[in-house]
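As stored in data22.txt (compact mmCIF, C-alpha atoms):
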```txt
# COMPACT_ATOMS: atom_id res chain seq x y z
CA MET A 155 -8.84 26.67 -19.11
CA LYS A 156 -6.59 23.70 -18.47
CA THR A 157 -3.96 25.99 -16.96
CA LEU A 158 -6.56 27.51 -14.65
CA ARG A 159 -7.78 24.07 -13.62
CA LEU A 160 -4.22 22.93 -12.94
CA ALA A 161 -3.60 26.03 -10.84
CA PHE A 162 -6.76 25.24 -8.90
CA LEU A 163 -5.61 21.69 -8.29
CA LEU A 164 -2.19 22.86 -7.16
CA TRP A 165 -3.78 25.12 -4.55
CA PRO A 166 -3.87 22.49 -1.76
CA ALA A 167 -0.22 21.64 -2.48
CA LEU A 168 0.69 25.32 -2.36
CA LEU A 169 -1.20 25.73 0.91
CA ALA A 170 0.57 22.73 2.34
CA ALA A 171 3.92 24.13 1.22
CA ALA A 172 3.09 27.50 2.74
CA SER A 173 2.17 25.91 6.03
CA THR A 174 5.62 24.32 6.30
CA LEU A 175 7.02 27.83 6.54
CA SER A 176 4.92 28.72 9.57
CA PHE A 177 6.05 27.62 13.01
CA ALA A 178 4.06 25.26 15.21
CA GLU A 179 3.05 28.16 17.48
CA ASP A 180 1.17 29.84 14.62
CA ARG A 181 -1.30 26.97 14.40
CA PRO A 182 -4.75 27.39 15.92
CA PRO A 183 -4.46 26.59 19.65
CA GLY A 184 -6.32 23.78 21.39
CA PRO A 185 -7.15 20.27 20.33
CA LEU A 186 -9.28 19.54 17.28
CA PRO A 187 -13.06 19.21 17.62
CA LYS A 188 -14.08 15.57 17.89
CA PRO A 189 -15.24 15.01 14.27
CA GLN A 190 -11.94 16.34 12.97
CA LEU A 191 -9.93 14.36 15.51
CA ASP A 192 -11.84 11.19 14.55
CA ALA A 193 -11.12 11.86 10.88
CA LYS A 194 -7.44 12.35 11.65
CA ILE A 195 -7.26 9.10 13.65
CA ALA A 196 -9.07 7.24 10.84
CA TYR A 197 -6.43 8.66 8.50
CA CYS A 198 -3.65 7.23 10.71
CA LYS A 199 -5.42 3.88 10.80
CA THR A 200 -5.72 3.66 7.02
CA CYS A 201 -2.03 2.86 6.93
CA HIS A 202 -1.29 1.67 10.45
CA GLY A 203 -4.23 -0.75 10.63
CA LEU A 204 -7.81 -0.45 11.84
CA SER A 205 -6.69 -1.46 15.34
CA GLY A 206 -3.24 0.07 15.02
CA GLN A 207 -1.70 -3.36 14.54
CA GLY A 208 0.46 -2.22 11.60
CA PHE A 209 0.22 -3.20 7.95
CA ARG A 210 2.45 -4.69 5.30
CA GLY A 211 2.24 -2.91 2.00
CA ALA A 212 5.10 -2.13 -0.32
CA TYR A 213 6.63 -0.86 2.93
CA PRO A 214 5.95 -2.17 6.44
CA MET A 215 3.92 0.31 8.47
CA PRO A 216 4.54 -0.05 12.18
CA ARG A 217 2.21 -1.08 14.94
CA LEU A 218 1.05 1.88 17.01
CA ALA A 219 -1.36 -0.05 19.26
CA GLY A 220 -0.39 0.01 22.92
CA GLN A 221 2.52 2.35 22.28
CA GLN A 222 3.79 4.55 25.13
CA PRO A 223 2.11 7.95 24.61
CA GLU A 224 5.24 9.85 25.61
CA TYR A 225 7.24 8.00 22.96
CA LEU A 226 4.60 8.41 20.26
CA GLU A 227 4.26 12.14 20.87
CA GLU A 228 8.04 12.52 20.83
CA GLN A 229 8.30 10.72 17.47
CA LEU A 230 5.60 12.91 15.94
CA ARG A 231 7.43 15.99 17.23
CA ALA A 232 10.70 14.60 15.86
CA PHE A 233 9.10 14.29 12.42
CA ILE A 234 7.75 17.85 12.62
CA GLU A 235 11.13 19.23 13.70
CA ARG A 236 12.94 17.06 11.16
CA ARG A 237 15.02 15.36 13.82
CA ARG A 238 13.66 12.12 12.45
CA LEU A 239 13.87 11.75 8.70
CA HIS A 240 11.02 10.15 6.84
CA PRO A 241 9.60 12.07 3.88
CA LEU A 242 6.11 10.66 4.26
CA MET A 243 5.74 10.89 8.02
CA GLN A 244 7.28 14.33 8.05
CA ASN A 245 4.45 15.46 5.75
CA VAL A 246 1.85 13.68 7.82
CA ALA A 247 3.09 15.07 11.13
CA ARG A 248 3.39 18.57 9.72
CA ALA A 249 -0.35 18.57 9.13
CA LEU A 250 -1.03 17.76 12.78
CA ASN A 251 -2.20 20.33 15.24
CA PRO A 252 0.34 19.94 18.08
CA ALA A 253 -2.41 19.99 20.71
CA THR A 254 -3.86 16.95 18.96
CA LEU A 255 -0.73 14.86 19.43
CA SER A 256 -1.70 13.83 22.97
CA ALA A 257 -5.21 12.87 21.89
CA ILE A 258 -3.85 10.71 19.08
CA ALA A 259 -1.25 9.08 21.33
CA ALA A 260 -3.84 8.43 24.06
CA HIS A 261 -6.12 6.78 21.52
CA PHE A 262 -3.51 4.35 20.28
CA LYS A 263 -2.38 3.48 23.79
CA GLU A 264 -5.72 1.83 24.48
CA LEU A 265 -5.71 -0.46 21.45
CA ASN A 266 -4.60 -4.06 21.97
CA PRO A 267 -4.88 -6.23 18.87
CA LYS A 268 -2.93 -9.46 18.44
CA PRO A 269 0.50 -9.06 16.81
CA LEU A 270 0.48 -9.11 13.01
CA GLY A 271 3.10 -11.88 13.08
CA GLY A 272 4.93 -13.26 10.09
CA ALA A 273 8.46 -13.54 11.46
CA PRO A 274 10.47 -16.72 10.91
CA LYS A 275 9.76 -18.82 13.99
CA ASP A 276 13.21 -20.40 14.11
CA LEU A 277 14.77 -17.03 15.03
CA ILE A 278 12.60 -16.44 18.09
CA ALA A 279 14.68 -18.39 20.62
CA ALA A 280 17.91 -16.63 19.66
CA GLY A 281 16.10 -13.30 19.73
CA LYS A 282 14.74 -13.93 23.23
CA LYS A 283 18.26 -14.66 24.47
CA ILE A 284 19.58 -11.38 23.08
CA TYR A 285 16.59 -9.47 24.41
CA GLU A 286 17.12 -10.82 27.95
CA GLU A 287 20.90 -11.07 28.11
CA GLY A 288 22.17 -8.47 25.63
CA VAL A 289 25.42 -9.03 23.74
CA PRO A 290 28.05 -8.70 26.51
CA GLU A 291 31.05 -9.05 24.17
CA LYS A 292 29.91 -5.85 22.45
CA GLN A 293 28.86 -4.08 25.66
CA ILE A 294 25.27 -4.21 24.48
CA ALA A 295 23.01 -4.24 27.53
CA PRO A 296 19.92 -6.45 27.65
CA CYS A 297 17.07 -4.73 25.83
CA ALA A 298 14.82 -5.77 28.70
CA SER A 299 16.62 -3.46 31.10
CA CYS A 300 15.11 -0.39 29.37
CA HIS A 301 12.20 -1.74 27.35
CA GLY A 302 10.92 -3.94 30.18
CA PRO A 303 10.80 -7.72 30.58
CA ASP A 304 7.55 -7.79 28.61
CA ALA A 305 8.81 -5.30 26.00
CA ARG A 306 5.92 -2.95 26.75
CA GLY A 307 8.21 0.01 27.35
CA ASP A 308 7.90 2.78 29.90
CA GLY A 309 7.52 6.54 29.44
CA ALA A 310 9.98 7.67 26.80
CA MET A 311 11.09 4.11 26.09
CA PRO A 312 8.91 2.56 23.45
CA ARG A 313 6.87 -0.59 23.55
CA LEU A 314 8.42 -3.15 21.18
CA ALA A 315 6.04 -6.05 21.84
CA GLY A 316 4.11 -7.04 18.73
CA GLN A 317 6.03 -4.72 16.41
CA LEU A 318 6.34 -5.84 12.81
CA HIS A 319 9.59 -7.78 12.58
CA ASP A 320 10.55 -6.30 9.20
CA TYR A 321 9.93 -2.79 10.54
CA THR A 322 12.10 -3.46 13.60
CA THR A 323 14.96 -4.89 11.53
CA GLN A 324 14.78 -1.98 9.10
CA THR A 325 14.65 0.56 11.95
CA LEU A 326 17.76 -0.84 13.61
CA ALA A 327 19.62 -0.93 10.30
CA SER A 328 18.83 2.68 9.38
CA TRP A 329 19.02 4.20 12.86
CA SER A 330 21.81 6.70 12.38
CA LYS A 331 20.53 7.72 8.94
CA GLU A 332 17.01 8.38 10.14
CA ARG A 333 17.10 9.48 13.78
CA GLY A 334 18.81 12.26 15.68
CA GLN A 335 19.30 14.24 12.49
CA ASP A 336 19.57 17.66 14.10
CA PRO A 337 22.98 17.93 15.77
CA LEU A 338 21.82 21.14 17.46
CA LYS A 339 18.91 19.28 19.10
CA PRO A 340 20.23 15.96 20.37
CA ASP A 341 17.44 13.70 21.50
CA SER A 342 16.82 10.37 23.19
CA SER A 343 17.52 8.52 19.96
CA ALA A 344 21.21 8.87 20.77
CA ILE A 345 20.89 6.10 23.38
CA MET A 346 20.07 3.51 20.73
CA GLN A 347 22.71 4.58 18.24
CA PRO A 348 25.63 2.40 19.50
CA ILE A 349 23.25 -0.53 20.04
CA ALA A 350 21.76 -0.33 16.57
CA GLN A 351 25.26 -0.08 15.15
CA GLY A 352 26.65 -2.92 17.29
CA LEU A 353 24.01 -5.54 16.48
CA THR A 354 24.72 -7.63 13.42
CA HIS A 355 21.96 -8.01 10.86
CA GLU A 356 21.34 -11.57 12.06
CA GLN A 357 21.10 -10.48 15.69
CA ALA A 358 18.70 -7.67 14.77
CA ALA A 359 16.53 -10.06 12.76
CA ALA A 360 16.44 -12.50 15.67
CA VAL A 361 15.43 -9.88 18.24
CA ALA A 362 12.87 -8.52 15.78
CA ALA A 363 11.35 -11.97 15.29
CA TYR A 364 11.10 -12.45 19.05
CA LEU A 365 9.54 -9.03 19.61
CA GLY A 366 7.11 -9.53 16.73
CA SER A 367 5.70 -12.56 18.50
CA LEU A 368 5.03 -10.84 21.84
CA GLU A 369 1.58 -9.66 22.88
CA MET B 320 -16.30 -23.48 -61.78
CA ASN B 321 -13.43 -21.52 -63.31
CA ALA B 322 -9.81 -21.41 -62.05
CA HIS B 323 -10.34 -18.08 -60.33
CA THR B 324 -13.24 -19.32 -58.19
CA ALA B 325 -11.36 -22.51 -57.29
CA ARG B 326 -8.30 -20.47 -56.26
CA SER B 327 -10.33 -18.10 -54.10
CA ARG B 328 -12.09 -21.05 -52.44
CA ILE B 329 -8.71 -22.63 -51.62
CA MET B 330 -7.49 -19.28 -50.29
CA LYS B 331 -10.54 -18.93 -48.06
CA ARG B 332 -10.18 -22.47 -46.73
CA THR B 333 -6.46 -21.92 -46.11
CA SER B 334 -7.13 -18.72 -44.17
CA ALA B 335 -9.81 -20.52 -42.17
CA ILE B 336 -7.36 -23.29 -41.31
CA VAL B 337 -4.70 -20.75 -40.40
CA ALA B 338 -7.18 -18.87 -38.20
CA VAL B 339 -8.17 -22.04 -36.36
CA ALA B 340 -4.52 -22.99 -35.94
CA VAL B 341 -3.70 -19.55 -34.53
CA ILE B 342 -6.60 -19.67 -32.09
CA ALA B 343 -5.64 -23.18 -31.05
CA ALA B 344 -2.03 -22.07 -30.58
CA LEU B 345 -3.14 -19.10 -28.51
CA ALA B 346 -5.24 -21.42 -26.40
CA ALA B 347 -2.32 -23.75 -25.80
CA THR B 348 0.39 -21.32 -24.64
CA PRO B 349 3.03 -22.68 -22.24
CA GLY B 350 2.07 -23.06 -18.59
CA GLN B 351 -1.59 -23.56 -19.37
CA THR B 352 -3.42 -26.84 -19.60
CA GLN B 353 -5.64 -27.48 -22.54
CA GLU B 354 -8.66 -27.29 -20.20
CA LEU B 355 -8.16 -23.65 -19.10
CA PRO B 356 -10.68 -21.62 -21.13
CA VAL B 357 -8.64 -18.45 -21.40
CA ARG B 358 -10.76 -17.29 -24.32
CA ASN B 359 -13.66 -16.81 -21.91
CA CYS B 360 -11.61 -13.99 -20.42
CA THR B 361 -9.92 -12.55 -23.49
CA TRP B 362 -13.27 -11.99 -25.23
CA CYS B 363 -13.66 -8.94 -23.02
CA HIS B 364 -10.22 -8.29 -21.56
CA GLY B 365 -8.56 -8.26 -24.97
CA PRO B 366 -6.58 -10.88 -26.94
CA SER B 367 -3.40 -10.18 -24.95
CA ALA B 368 -5.37 -9.33 -21.79
CA GLN B 369 -4.29 -5.68 -21.91
CA GLY B 370 -7.85 -4.55 -21.28
CA SER B 371 -10.56 -3.34 -23.62
CA GLY B 372 -13.24 -0.76 -22.90
CA ALA B 373 -14.49 -1.15 -19.35
CA ALA B 374 -12.70 -4.47 -18.85
CA PRO B 375 -9.35 -3.80 -17.18
CA ARG B 376 -5.92 -5.08 -18.07
CA ILE B 377 -5.34 -8.36 -16.26
CA ALA B 378 -2.03 -9.17 -17.93
CA GLY B 379 0.79 -8.75 -15.43
CA GLN B 380 -1.57 -8.23 -12.51
CA ARG B 381 -0.52 -9.61 -9.14
CA GLU B 382 -1.41 -13.28 -8.86
CA GLN B 383 -2.79 -13.05 -5.31
CA TYR B 384 -4.90 -10.07 -6.27
CA LEU B 385 -6.41 -11.85 -9.28
CA VAL B 386 -7.33 -14.78 -7.04
CA SER B 387 -8.92 -12.52 -4.43
CA GLN B 388 -10.96 -10.66 -7.02
CA LEU B 389 -12.19 -13.82 -8.72
CA HIS B 390 -13.39 -14.96 -5.30
CA ALA B 391 -14.95 -11.55 -4.68
CA PHE B 392 -16.89 -11.82 -7.94
CA HIS B 393 -17.90 -15.37 -7.12
CA ASP B 394 -19.20 -14.50 -3.65
CA ARG B 395 -20.55 -11.18 -4.91
CA SER B 396 -18.77 -9.06 -2.34
CA ARG B 397 -17.45 -7.03 -5.26
CA ASP B 398 -20.65 -5.43 -6.36
CA ASN B 399 -19.86 -2.43 -8.52
CA PRO B 400 -22.19 -2.29 -11.56
CA ALA B 401 -19.77 -3.68 -14.21
CA SER B 402 -18.77 -6.51 -11.88
CA LYS B 403 -22.40 -7.38 -11.27
CA GLN B 404 -23.24 -7.23 -14.96
CA TYR B 405 -20.32 -9.24 -16.31
CA MET B 406 -18.17 -10.88 -13.66
CA TRP B 407 -20.77 -12.44 -11.41
CA GLY B 408 -21.98 -14.57 -14.32
CA ALA B 409 -18.47 -15.20 -15.60
CA THR B 410 -17.34 -16.61 -12.24
CA ALA B 411 -20.56 -18.35 -11.18
CA ARG B 412 -19.08 -21.81 -11.77
CA LEU B 413 -15.44 -20.92 -11.09
CA SER B 414 -13.68 -23.40 -8.80
CA PRO B 415 -10.85 -22.26 -6.49
CA GLU B 416 -8.45 -24.40 -8.55
CA MET B 417 -9.45 -22.67 -11.77
CA ALA B 418 -9.16 -19.27 -10.10
CA ARG B 419 -5.57 -20.15 -9.15
CA ASP B 420 -4.79 -21.36 -12.67
CA PHE B 421 -6.24 -18.25 -14.31
CA ALA B 422 -4.36 -16.02 -11.88
CA LEU B 423 -1.10 -17.82 -12.47
CA TYR B 424 -1.53 -17.55 -16.23
CA PHE B 425 -2.57 -13.93 -16.51
CA SER B 426 -0.10 -12.67 -13.91
CA SER B 427 2.73 -14.05 -16.03
CA LEU B 428 1.77 -12.12 -19.17
CA PRO B 429 3.64 -8.91 -20.06
CA ALA B 430 1.73 -5.72 -19.31
CA GLU B 431 1.55 -2.57 -21.42
CA ALA B 432 0.80 0.86 -20.01
CA ALA B 433 -2.52 2.28 -21.17
CA GLU B 434 -1.19 5.87 -21.20
CA ASP B 435 -4.70 7.21 -21.73
CA GLY B 436 -4.79 9.78 -18.91
CA ASP B 437 -4.49 13.55 -19.08
CA THR B 438 -0.78 14.37 -19.39
CA GLY B 439 -1.43 17.82 -17.91
CA LEU B 440 -2.64 16.24 -14.66
CA ALA B 441 0.03 13.57 -14.33
CA ALA B 442 2.44 15.72 -12.31
CA LEU B 443 -0.18 16.52 -9.70
CA GLY B 444 -1.25 12.88 -9.68
CA LYS B 445 2.34 11.90 -8.90
CA VAL B 446 2.45 14.24 -5.92
CA ILE B 447 -0.78 12.78 -4.54
CA TYR B 448 0.36 9.22 -5.25
CA GLU B 449 3.66 9.70 -3.40
CA GLN B 450 2.68 12.03 -0.58
CA GLY B 451 -1.07 11.93 -0.30
CA VAL B 452 -2.64 15.14 0.92
CA PRO B 453 -2.03 15.10 4.70
CA ASP B 454 -4.02 18.26 5.36
CA ALA B 455 -7.05 16.58 3.80
CA ASN B 456 -6.39 13.16 5.39
CA VAL B 457 -5.60 11.64 2.01
CA VAL B 458 -3.05 8.83 2.52
CA SER B 459 -0.16 8.30 0.18
CA CYS B 460 -0.72 5.42 -2.21
CA ILE B 461 2.94 4.56 -2.52
CA VAL B 462 3.20 2.91 0.91
CA CYS B 463 0.95 0.05 -0.20
CA HIS B 464 1.10 0.11 -3.98
CA GLY B 465 4.84 0.76 -4.27
CA PRO B 466 7.01 3.37 -6.02
CA ARG B 467 6.29 2.05 -9.50
CA GLY B 468 2.69 1.13 -8.81
CA GLU B 469 3.77 -2.50 -8.80
CA GLY B 470 1.68 -3.56 -5.80
CA PHE B 471 2.65 -6.11 -3.20
CA GLU B 472 1.28 -9.61 -2.59
CA ALA B 473 -2.50 -9.20 -2.72
CA ILE B 474 -2.30 -5.43 -3.16
CA PRO B 475 -2.87 -4.75 -6.84
CA ARG B 476 -0.53 -3.38 -9.45
CA LEU B 477 -1.82 0.00 -10.58
CA GLY B 478 0.99 1.12 -12.89
CA GLY B 479 -0.25 1.49 -16.47
CA MET B 480 -3.87 0.64 -15.77
CA SER B 481 -6.40 2.52 -17.87
CA HIS B 482 -7.35 5.98 -16.56
CA GLY B 483 -11.08 5.29 -17.03
CA TYR B 484 -10.97 2.06 -15.06
CA LEU B 485 -9.02 3.49 -12.13
CA LYS B 486 -11.28 6.52 -12.01
CA SER B 487 -14.41 4.38 -11.89
CA ARG B 488 -12.99 2.19 -9.11
CA LEU B 489 -12.15 5.18 -6.95
CA GLU B 490 -15.52 6.79 -7.60
CA GLN B 491 -17.42 3.62 -6.83
CA TRP B 492 -15.66 2.99 -3.54
CA GLY B 493 -16.58 6.52 -2.60
CA GLN B 494 -20.19 5.68 -3.45
CA GLY B 495 -20.15 2.64 -1.16
CA TYR B 496 -19.62 -0.23 -3.58
CA HIS B 497 -17.33 -3.13 -2.64
CA ALA B 498 -17.21 -2.10 0.98
CA SER B 499 -15.11 -5.13 1.97
CA ALA B 500 -12.06 -3.93 0.01
CA ARG B 501 -10.42 -2.33 3.08
CA PRO B 502 -8.91 0.27 3.17
CA MET B 503 -9.89 1.51 -0.30
CA PRO B 504 -13.43 2.65 0.58
CA LEU B 505 -11.93 4.83 3.34
CA VAL B 506 -9.26 6.16 1.03
CA ALA B 507 -11.64 6.86 -1.84
CA ARG B 508 -14.03 8.81 0.35
CA THR B 509 -11.27 11.32 1.16
CA LEU B 510 -10.50 12.00 -2.50
CA SER B 511 -12.03 14.88 -4.43
CA ALA B 512 -13.09 14.44 -8.05
CA ASP B 513 -10.09 16.49 -9.21
CA GLU B 514 -7.71 14.36 -7.16
CA ILE B 515 -9.20 11.19 -8.64
CA GLU B 516 -8.69 12.57 -12.15
CA ALA B 517 -5.09 13.44 -11.39
CA LEU B 518 -4.29 10.08 -9.77
CA ALA B 519 -5.95 8.04 -12.52
CA SER B 520 -4.12 10.06 -15.17
CA TYR B 521 -0.71 9.69 -13.52
CA LEU B 522 -1.14 5.97 -12.98
CA SER B 523 -2.08 5.30 -16.58
CA PHE B 524 1.45 6.40 -17.54
CA LEU B 525 3.34 4.77 -14.66
CA LYS B 526 5.54 1.88 -15.78
```
Reformat the file's structure so that it appears as structure tokens.
Amino acid sequence: MKTLRLAFLLWPALLAAASTLSFAEDRPPGPLPKPQLDAKIAYCKTCHGLSGQGFRGAYPMPRLAGQQPEYLEEQLRAFIERRRLHPLMQNVARALNPATLSAIAAHFKELNPKPLGGAPKDLIAAGKKIYEEGVPEKQIAPCASCHGPDARGDGAMPRLAGQLHDYTTQTLASWSKERGQDPLKPDSSAIMQPIAQGLTHEQAAAVAAYLGSLE
Amino acid sequence: MNAHTARSRIMKRTSAIVAVAVIAALAATPGQTQELPVRNCTWCHGPSAQGSGAAPRIAGQREQYLVSQLHAFHDRSRDNPASKQYMWGATARLSPEMARDFALYFSSLPAEAAEDGDTGLAALGKVIYEQGVPDANVVSCIVCHGPRGEGFEAIPRLGGMSHGYLKSRLEQWGQGYHASARPMPLVARTLSADEIEALASYLSFLK
């Protein structure tokens, strides 16, 4: 009986595994009905914060509030297509109906909580300088030139304002290991690769502290 | 009185003295002032605070979490039945300073894994713990509670907690108790009974 019960419990895992083999086009078309969409958004918010402000657990979970919808949708697609490596988010994104991606992204765009904060304040001034002037000696352009003077992003370029500083630092440090992982499908993450590589850890931490303080 | 009776009386008095000395020594362990009535806790939570019956292990629990729960008992926001029956009274006159002292003390004690879950369900529990069940909107526990169930800051350590205790917490959040413990009520409502069994079993073995 225990074997039967175990088999029963494994069924959802087997289903999930089976669904990874199907392509996105095989999923039911059209966005989810509202109750299911609401449940899916509540699921996102369990980790990313009730207002999408991010959350610090054993790992920092990034702010999604106010994010550029084009960027958010692209990241979810990158997880699904395994161009962006993250075992957890790849699983999460795989379970998303692609037609729902826009609804989810549109929802988070409208949220505007205060930044979670927590960065060392003494790094902010140095971070602001790098954000606005770049690092000319390394041919690193000012971040503001793409991400905007207020770090709110535009289109495919993500909002950075209010992002968790530890998440930003970690993201810059692991850029080439996590993003652009399919050489046959180069994506916009390639733009950031030389920048992420060129910034020292101290410079990244400073920029991250500055960004984490922005509303 | 013969020699035998006198000897046994001396033996009994000696053991009584030894017992008192041991209890006094236990009460005066390093890092604890003489005033901290640890025995008020260990009556139920076990002599080495590893847990006993329905009372969970508090040894090795995260300090910030212990503080937050003592406050939650004191202000009655944590209202599951066992808390109401035992912990509301136990913390009725607890000052914030004492809460900090208790938390500091118990968090520093070594913790043993209960290992009282169902070994047959532990593998499935591990999958749910690490990946959640995205199709069913079940989040992964690992992102907050850590790869070894160690917790983080005020997020509790789960590794090695008793299967029965973890199961009752998850069930009770699903029933609406302790609604202020965000995000656990949300999380617990997504879990099926089988998933709760598997998670609680896995965690009881996790060191």
Item to check | Between CA of Pro375 (chain B) and CA of Gly483 (chain B), distance in Å (one decimal) | outcome: 9.3 Å
Checklist entry - What residues in chain B lie within 6 Å of chain A, counting all atoms listed in the file, written as number ranges by chain? => result B: 453-454, 456, 462-465, 471
Checklist entry - Nearest to Gly495 (chain B): which of B:Cys460, B:Val452, B:Ser396, B:Gln404 is it, counting only C-alpha atoms? => result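 Smallest distance to Gly495 (chain B) is found for B:Ser396.
Our summary of the geometry notes that CA of Lys188 (chain A) is positioned 28.3 Å from CA of Glu449 (chain B).
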Between region 180-282 of chain A and region 311-324 of chain A, at 9 Å or less, what are the per-residue closest atom pairs and their distances in Å? Count only C-alpha atoms, order by chain and rising residue number, and return it as CSV.
```
residue,atom,partner,partner_atom,distance
A:Gln207,CA,A:Gly316,CA,8.1
A:Gly208,CA,A:Leu318,CA,7.0
A:Phe209,CA,A:Leu318,CA,8.2
A:Arg210,CA,A:Leu318,CA,8.5
A:Tyr213,CA,A:Tyr321,CA,8.5
A:Pro214,CA,A:Tyr321,CA,5.7
A:Met215,CA,A:Tyr321,CA,7.1
A:Pro216,CA,A:Leu318,CA,6.1
A:Arg217,CA,A:Gln317,CA,5.5
A:Leu218,CA,A:Gln317,CA,8.3
A:Ala219,CA,A:Gly316,CA,8.9
A:Gly220,CA,A:Arg313,CA,7.3
A:Gln221,CA,A:Arg313,CA,5.4
A:Gln222,CA,A:Pro312,CA,5.7
A:Pro223,CA,A:Pro312,CA,8.8
A:Glu224,CA,A:Met311,CA,8.2
A:Tyr225,CA,A:Pro312,CA,5.7
A:Leu226,CA,A:Pro312,CA,7.9
A:Lys268,CA,A:Gly316,CA,7.4
A:Pro269,CA,A:Gly316,CA,4.6
A:Leu270,CA,A:Leu318,CA,6.7
A:Gly271,CA,A:Leu318,CA,6.9
A:Gly272,CA,A:His319,CA,7.6
A:Ala273,CA,A:His319,CA,6.0
```
Generate the output file for the selected residues, C-alpha atoms, as a PDB file, in the frame of the given file.
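The file below, selection_31.pdb, is the result:
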```pdb
ATOM      1  CA  GLN A 207      -1.700  -3.360  14.540  1.00  0.00           C
ATOM      2  CA  GLY A 208       0.460  -2.220  11.600  1.00  0.00           C
ATOM      3  CA  PHE A 209       0.220  -3.200   7.950  1.00  0.00           C
ATOM      4  CA  ARG A 210       2.450  -4.690   5.300  1.00  0.00           C
ATOM      5  CA  TYR A 213       6.630  -0.860   2.930  1.00  0.00           C
ATOM      6  CA  PRO A 214       5.950  -2.170   6.440  1.00  0.00           C
ATOM      7  CA  MET A 215       3.920   0.310   8.470  1.00  0.00           C
ATOM      8  CA  PRO A 216       4.540  -0.050  12.180  1.00  0.00           C
ATOM      9  CA  ARG A 217       2.210  -1.080  14.940  1.00  0.00           C
ATOM     10  CA  LEU A 218       1.050   1.880  17.010  1.00  0.00           C
ATOM     11  CA  ALA A 219      -1.360  -0.050  19.260  1.00  0.00           C
ATOM     12  CA  GLY A 220      -0.390   0.010  22.920  1.00  0.00           C
ATOM     13  CA  GLN A 221       2.520   2.350  22.280  1.00  0.00           C
ATOM     14  CA  GLN A 222       3.790   4.550  25.130  1.00  0.00           C
ATOM     15  CA  PRO A 223       2.110   7.950  24.610  1.00  0.00           C
ATOM     16  CA  GLU A 224       5.240   9.850  25.610  1.00  0.00           C
ATOM     17  CA  TYR A 225       7.240   8.000  22.960  1.00  0.00           C
ATOM     18  CA  LEU A 226       4.600   8.410  20.260  1.00  0.00           C
ATOM     19  CA  LYS A 268      -2.930  -9.460  18.440  1.00  0.00           C
ATOM     20  CA  PRO A 269       0.500  -9.060  16.810  1.00  0.00           C
ATOM     21  CA  LEU A 270       0.480  -9.110  13.010  1.00  0.00           C
ATOM     22  CA  GLY A 271       3.100 -11.880  13.080  1.00  0.00           C
ATOM     23  CA  GLY A 272       4.930 -13.260  10.090  1.00  0.00           C
ATOM     24  CA  ALA A 273       8.460 -13.540  11.460  1.00  0.00           C
TER      25      ALA A 273
END
```
Item to check | 12 Å contact set for Ser256 (chain A), only C-alpha atoms, chain neighbours under 2 positions out, as a list in words | outcome: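 Returned residues: Gly184, Pro185, Leu186, Leu191, Ile195, Gln222, Pro223, Glu224, Tyr225, Leu226, Glu227, Glu228, Gln229, Leu230, Arg231, Leu250, Asn251, Pro252, Ala253, Thr254, Ile258, Ala259, Ala260, His261, Phe262 and Lys263 of chain A.
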Please, could you write that set of residues out with C-alpha atoms as a PDB file, in the frame of the given file?
```pdb
ATOM      1  CA  GLY A 184      -6.320  23.780  21.390  1.00  0.00           C
ATOM      2  CA  PRO A 185      -7.150  20.270  20.330  1.00  0.00           C
ATOM      3  CA  LEU A 186      -9.280  19.540  17.280  1.00  0.00           C
ATOM      4  CA  LEU A 191      -9.930  14.360  15.510  1.00  0.00           C
ATOM      5  CA  ILE A 195      -7.260   9.100  13.650  1.00  0.00           C
ATOM      6  CA  GLN A 222       3.790   4.550  25.130  1.00  0.00           C
ATOM      7  CA  PRO A 223       2.110   7.950  24.610  1.00  0.00           C
ATOM      8  CA  GLU A 224       5.240   9.850  25.610  1.00  0.00           C
ATOM      9  CA  TYR A 225       7.240   8.000  22.960  1.00  0.00           C
ATOM     10  CA  LEU A 226       4.600   8.410  20.260  1.00  0.00           C
ATOM     11  CA  GLU A 227       4.260  12.140  20.870  1.00  0.00           C
ATOM     12  CA  GLU A 228       8.040  12.520  20.830  1.00  0.00           C
ATOM     13  CA  GLN A 229       8.300  10.720  17.470  1.00  0.00           C
ATOM     14  CA  LEU A 230       5.600  12.910  15.940  1.00  0.00           C
ATOM     15  CA  ARG A 231       7.430  15.990  17.230  1.00  0.00           C
ATOM     16  CA  LEU A 250      -1.030  17.760  12.780  1.00  0.00           C
ATOM     17  CA  ASN A 251      -2.200  20.330  15.240  1.00  0.00           C
ATOM     18  CA  PRO A 252       0.340  19.940  18.080  1.00  0.00           C
ATOM     19  CA  ALA A 253      -2.410  19.990  20.710  1.00  0.00           C
ATOM     20  CA  THR A 254      -3.860  16.950  18.960  1.00  0.00           C
ATOM     21  CA  ILE A 258      -3.850  10.710  19.080  1.00  0.00           C
ATOM     22  CA  ALA A 259      -1.250   9.080  21.330  1.00  0.00           C
ATOM     23  CA  ALA A 260      -3.840   8.430  24.060  1.00  0.00           C
ATOM     24  CA  HIS A 261      -6.120   6.780  21.520  1.00  0.00           C
ATOM     25  CA  PHE A 262      -3.510   4.350  20.280  1.00  0.00           C
ATOM     26  CA  LYS A 263      -2.380   3.480  23.790  1.00  0.00           C
TER      27      LYS A 263
END
```
Checklist entry - Within 12 Å of (15.4, 12.6, 14.7), only C-alpha atoms: residues as an MDAnalysis selection string? => result chainID A and resid 228:240 243:244 328:344 346:347
Checklist entry - Expressed in Å to a single decimal, how great is the separation between CA of Glu354 (chain B) and CA of Ser371 (chain B)? => result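 These two atoms are separated by 24.3 Å.
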